[in-house]
Amino acid sequence: MLDVRKIRLILELREAGIINSNVLSSIEKIPREKFIPEMYRNQAYENIALPIGDNQTISQPYIVAKMTELLEVNSNHKVLEIGTGSGYQCAILSKLVRRIYTTERIKNLHDKSIKTFEKLKLSNIVTRYQDGNEGWEEQIPFDRIIFTAATKNLSDKIFSHIEDNGIIVCPIIKKDKQILTKYIKKNGNITYEEHDKVLFVPNLEGIN
Ligand code: SAH
């Protein structure tokens, strides 16, 4: 039953414009139900965001796929994520990159995600309980950075975490909207492209 729903979801993502076959195959491999509280598991393969506790949500599969596609990752990449949440986006990326470092500011979610990664034997993920806006200085440079909480603007500190040709994908708050924004560093300069209108929980300071 789950498989039929999964196939339907993959087709839906394709129809919605996700064309990267590596991204789609990672979504096929990672069991989304493992990242979701028991009571919502029957909806795991619907293209919707779902509650994960602590007032947070696991993103809609389309948005996970879109952000992963925009990051243009490869198997040599070292990636930083701000906002582990359930760990689902991180798990999708872990199949496509060399190593992913992920940060979460809510202890409960951080602890739960570690258990899920262990259960699924995803061994190239490094987690940290911290305010992700502080970055991860010891691990600089990163090839890619992904923010999964809506952010007003990115600091110079964060931009200093990526190499030339590095990419950052982040939902940026603009007036009353959130826009999925892709930043590209080239010859030391940052340019950006704006993509889908999105709805993420806010990026908050400090730990909880
Ligand atoms: N990538 C997640 C999406 C979770 S929602 C998933 O696939 O499930 C966003 C998460 O970002 C929440 O868990 C929230 O607590 C976390 N967050 C918000 N601000 C943060 C910050 N400054 N540092 C680290 N995590 C943050």
# chains A, B, ... in the order shown; residues from 1 in each chain; ligands from 1
call {"tool": "closest_atom_pairs", "arguments": {"of": "chain A", "to": "ligand 1", "cutoff": "8 Å", "atoms": "only C-alpha atoms and all ligand atoms", "output": "JSON lines"}}
result
{"residue": "A:Phe35", "atom": "CA", "partner": "ligand 1", "partner_atom_place_in_ligand_line": "8 (O)", "distance": 7.5}
{"residue": "A:Ile52", "atom": "CA", "partner": "ligand 1", "partner_atom_place_in_ligand_line": "8 (O)", "distance": 7.6}
{"residue": "A:Asp54", "atom": "CA", "partner": "ligand 1", "partner_atom_place_in_ligand_line": "15 (O)", "distance": 7.9}
{"residue": "A:Gln56", "atom": "CA", "partner": "ligand 1", "partner_atom_place_in_ligand_line": "5 (S)", "distance": 5.3}
{"residue": "A:Thr57", "atom": "CA", "partner": "ligand 1", "partner_atom_place_in_ligand_line": "5 (S)", "distance": 5.0}
{"residue": "A:Ile58", "atom": "CA", "partner": "ligand 1", "partner_atom_place_in_ligand_line": "8 (O)", "distance": 3.6}
{"residue": "A:Ser59", "atom": "CA", "partner": "ligand 1", "partner_atom_place_in_ligand_line": "3 (C)", "distance": 5.4}
{"residue": "A:Val64", "atom": "CA", "partner": "ligand 1", "partner_atom_place_in_ligand_line": "7 (O)", "distance": 7.3}
{"residue": "A:Glu81", "atom": "CA", "partner": "ligand 1", "partner_atom_place_in_ligand_line": "1 (N)", "distance": 7.8}
{"residue": "A:Ile82", "atom": "CA", "partner": "ligand 1", "partner_atom_place_in_ligand_line": "24 (C)", "distance": 5.0}
{"residue": "A:Gly83", "atom": "CA", "partner": "ligand 1", "partner_atom_place_in_ligand_line": "11 (O)", "distance": 3.2}
{"residue": "A:Thr84", "atom": "CA", "partner": "ligand 1", "partner_atom_place_in_ligand_line": "1 (N)", "distance": 4.8}
{"residue": "A:Gly85", "atom": "CA", "partner": "ligand 1", "partner_atom_place_in_ligand_line": "13 (O)", "distance": 3.3}
{"residue": "A:Ser86", "atom": "CA", "partner": "ligand 1", "partner_atom_place_in_ligand_line": "8 (O)", "distance": 3.8}
{"residue": "A:Gly87", "atom": "CA", "partner": "ligand 1", "partner_atom_place_in_ligand_line": "7 (O)", "distance": 5.0}
{"residue": "A:Tyr88", "atom": "CA", "partner": "ligand 1", "partner_atom_place_in_ligand_line": "7 (O)", "distance": 4.0}
{"residue": "A:Gln89", "atom": "CA", "partner": "ligand 1", "partner_atom_place_in_ligand_line": "7 (O)", "distance": 3.9}
{"residue": "A:Cys90", "atom": "CA", "partner": "ligand 1", "partner_atom_place_in_ligand_line": "1 (N)", "distance": 6.4}
{"residue": "A:Thr103", "atom": "CA", "partner": "ligand 1", "partner_atom_place_in_ligand_line": "24 (C)", "distance": 5.0}
{"residue": "A:Glu104", "atom": "CA", "partner": "ligand 1", "partner_atom_place_in_ligand_line": "25 (N)", "distance": 3.7}
{"residue": "A:Arg105", "atom": "CA", "partner": "ligand 1", "partner_atom_place_in_ligand_line": "24 (C)", "distance": 4.3}
{"residue": "A:Ile106", "atom": "CA", "partner": "ligand 1", "partner_atom_place_in_ligand_line": "15 (O)", "distance": 5.2}
{"residue": "A:Leu109", "atom": "CA", "partner": "ligand 1", "partner_atom_place_in_ligand_line": "13 (O)", "distance": 6.5}
{"residue": "A:Tyr129", "atom": "CA", "partner": "ligand 1", "partner_atom_place_in_ligand_line": "24 (C)", "distance": 7.6}
{"residue": "A:Gln130", "atom": "CA", "partner": "ligand 1", "partner_atom_place_in_ligand_line": "24 (C)", "distance": 6.0}
{"residue": "A:Asp131", "atom": "CA", "partner": "ligand 1", "partner_atom_place_in_ligand_line": "23 (N)", "distance": 3.8}
{"residue": "A:Gly132", "atom": "CA", "partner": "ligand 1", "partner_atom_place_in_ligand_line": "23 (N)", "distance": 3.6}
{"residue": "A:Asn133", "atom": "CA", "partner": "ligand 1", "partner_atom_place_in_ligand_line": "22 (N)", "distance": 5.1}
{"residue": "A:Glu134", "atom": "CA", "partner": "ligand 1", "partner_atom_place_in_ligand_line": "22 (N)", "distance": 7.9}
{"residue": "A:Phe147", "atom": "CA", "partner": "ligand 1", "partner_atom_place_in_ligand_line": "11 (O)", "distance": 7.8}
{"residue": "A:Thr148", "atom": "CA", "partner": "ligand 1", "partner_atom_place_in_ligand_line": "9 (C)", "distance": 5.0}
{"residue": "A:Ala149", "atom": "CA", "partner": "ligand 1", "partner_atom_place_in_ligand_line": "9 (C)", "distance": 4.6}
{"residue": "A:Ala150", "atom": "CA", "partner": "ligand 1", "partner_atom_place_in_ligand_line": "18 (C)", "distance": 7.9}
{"residue": "A:Phe200", "atom": "CA", "partner": "ligand 1", "partner_atom_place_in_ligand_line": "5 (S)", "distance": 6.8}
{"residue": "A:Val201", "atom": "CA", "partner": "ligand 1", "partner_atom_place_in_ligand_line": "9 (C)", "distance": 5.9}
{"residue": "A:Pro202", "atom": "CA", "partner": "ligand 1", "partner_atom_place_in_ligand_line": "18 (C)", "distance": 5.9}
{"residue": "A:Asn203", "atom": "CA", "partner": "ligand 1", "partner_atom_place_in_ligand_line": "19 (N)", "distance": 3.4}
{"residue": "A:Leu204", "atom": "CA", "partner": "ligand 1", "partner_atom_place_in_ligand_line": "19 (N)", "distance": 4.1}
{"residue": "A:Glu205", "atom": "CA", "partner": "ligand 1", "partner_atom_place_in_ligand_line": "22 (N)", "distance": 4.9}
{"residue": "A:Gly206", "atom": "CA", "partner": "ligand 1", "partner_atom_place_in_ligand_line": "22 (N)", "distance": 6.5}
{"residue": "A:Ile207", "atom": "CA", "partner": "ligand 1", "partner_atom_place_in_ligand_line": "23 (N)", "distance": 7.5}
call {"tool": "residues_around", "arguments": {"residues": "Phe117 in chain A", "least_positions_apart": "6", "cutoff": "9 Å", "atoms": "only C-alpha atoms", "output": "list in words"}}
result
Gly87, Ala91, Ser123 and Ile125 of chain A
call {"tool": "atom_distance", "arguments": {"atom1": "CA of Arg41 in chain A", "atom2": "CA of Arg14 in chain A"}}
result
22.7 Å
call {"tool": "atom_distance", "arguments": {"atom1": "CA of Ser94 in chain A", "atom2": "CA of Asn189 in chain A"}}
result
28.1 Å
call {"tool": "residues_around", "arguments": {"residues": "Ile168 in chain A", "least_positions_apart": "3", "cutoff": "7 Å", "atoms": "only C-alpha atoms", "output": "MDAnalysis selection string"}}
result
chainID A and resid 144:146 182:184
call {"tool": "residues_around", "arguments": {"residues": "Ser25 in chain A", "least_positions_apart": "6", "cutoff": "10 Å", "atoms": "only C-alpha atoms", "output": "PyMOL selection string"}}
result
chain A and resi 10+92+95-96
call {"tool": "residues_around", "arguments": {"residues": "range 72-74 of chain A", "least_positions_apart": "5", "cutoff": "9 Å", "atoms": "only C-alpha atoms", "output": "PyMOL selection string"}}
result
chain A and resi 79+93+96-98+143-144+167
call {"tool": "select_by_dssp", "arguments": {"residues": "range 11-192 of chain A", "states": "alpha helix (DSSP H)", "output": "PyMOL selection string"}}
result
chain A and resi 11-15+21-29+61-71+88-94+107-119+156-159
call {"tool": "closest_residue", "arguments": {"among": "A:Ile48, A:Ile172, A:Ile36, A:Ile27", "to": "Ile7 in chain A", "atoms": "only C-alpha atoms"}}
result
A:Ile27
call {"tool": "closest_residue", "arguments": {"among": "A:Lys186, A:Lys66, A:Arg5, A:Lys34", "to": "Asn20 in chain A", "atoms": "only C-alpha atoms"}}
result
A:Lys66
call {"tool": "atom_distance", "arguments": {"atom1": "CA of Lys157 in chain A", "atom2": "CA of Arg128 in chain A"}}
result
18.0 Å
call {"tool": "residues_around", "arguments": {"residues": "Tyr101 in chain A", "least_positions_apart": "3", "cutoff": "6 Å", "atoms": "only C-alpha atoms", "output": "list in words"}}
result
Leu80, Ile125, Val126 and Thr127 of chain A
call {"tool": "write_last_selection", "arguments": {"atoms": "C-alpha atoms", "output": "PDB file, in the first residue's frame"}}
result
ATOM      1  CA  LEU A  80      25.539  22.454   6.295  1.00  0.00           C
ATOM      2  CA  ILE A 125      25.293  12.872   9.135  1.00  0.00           C
ATOM      3  CA  VAL A 126      26.811  14.941  11.955  1.00  0.00           C
ATOM      4  CA  THR A 127      24.303  16.637  14.284  1.00  0.00           C
TER       5      THR A 127
END
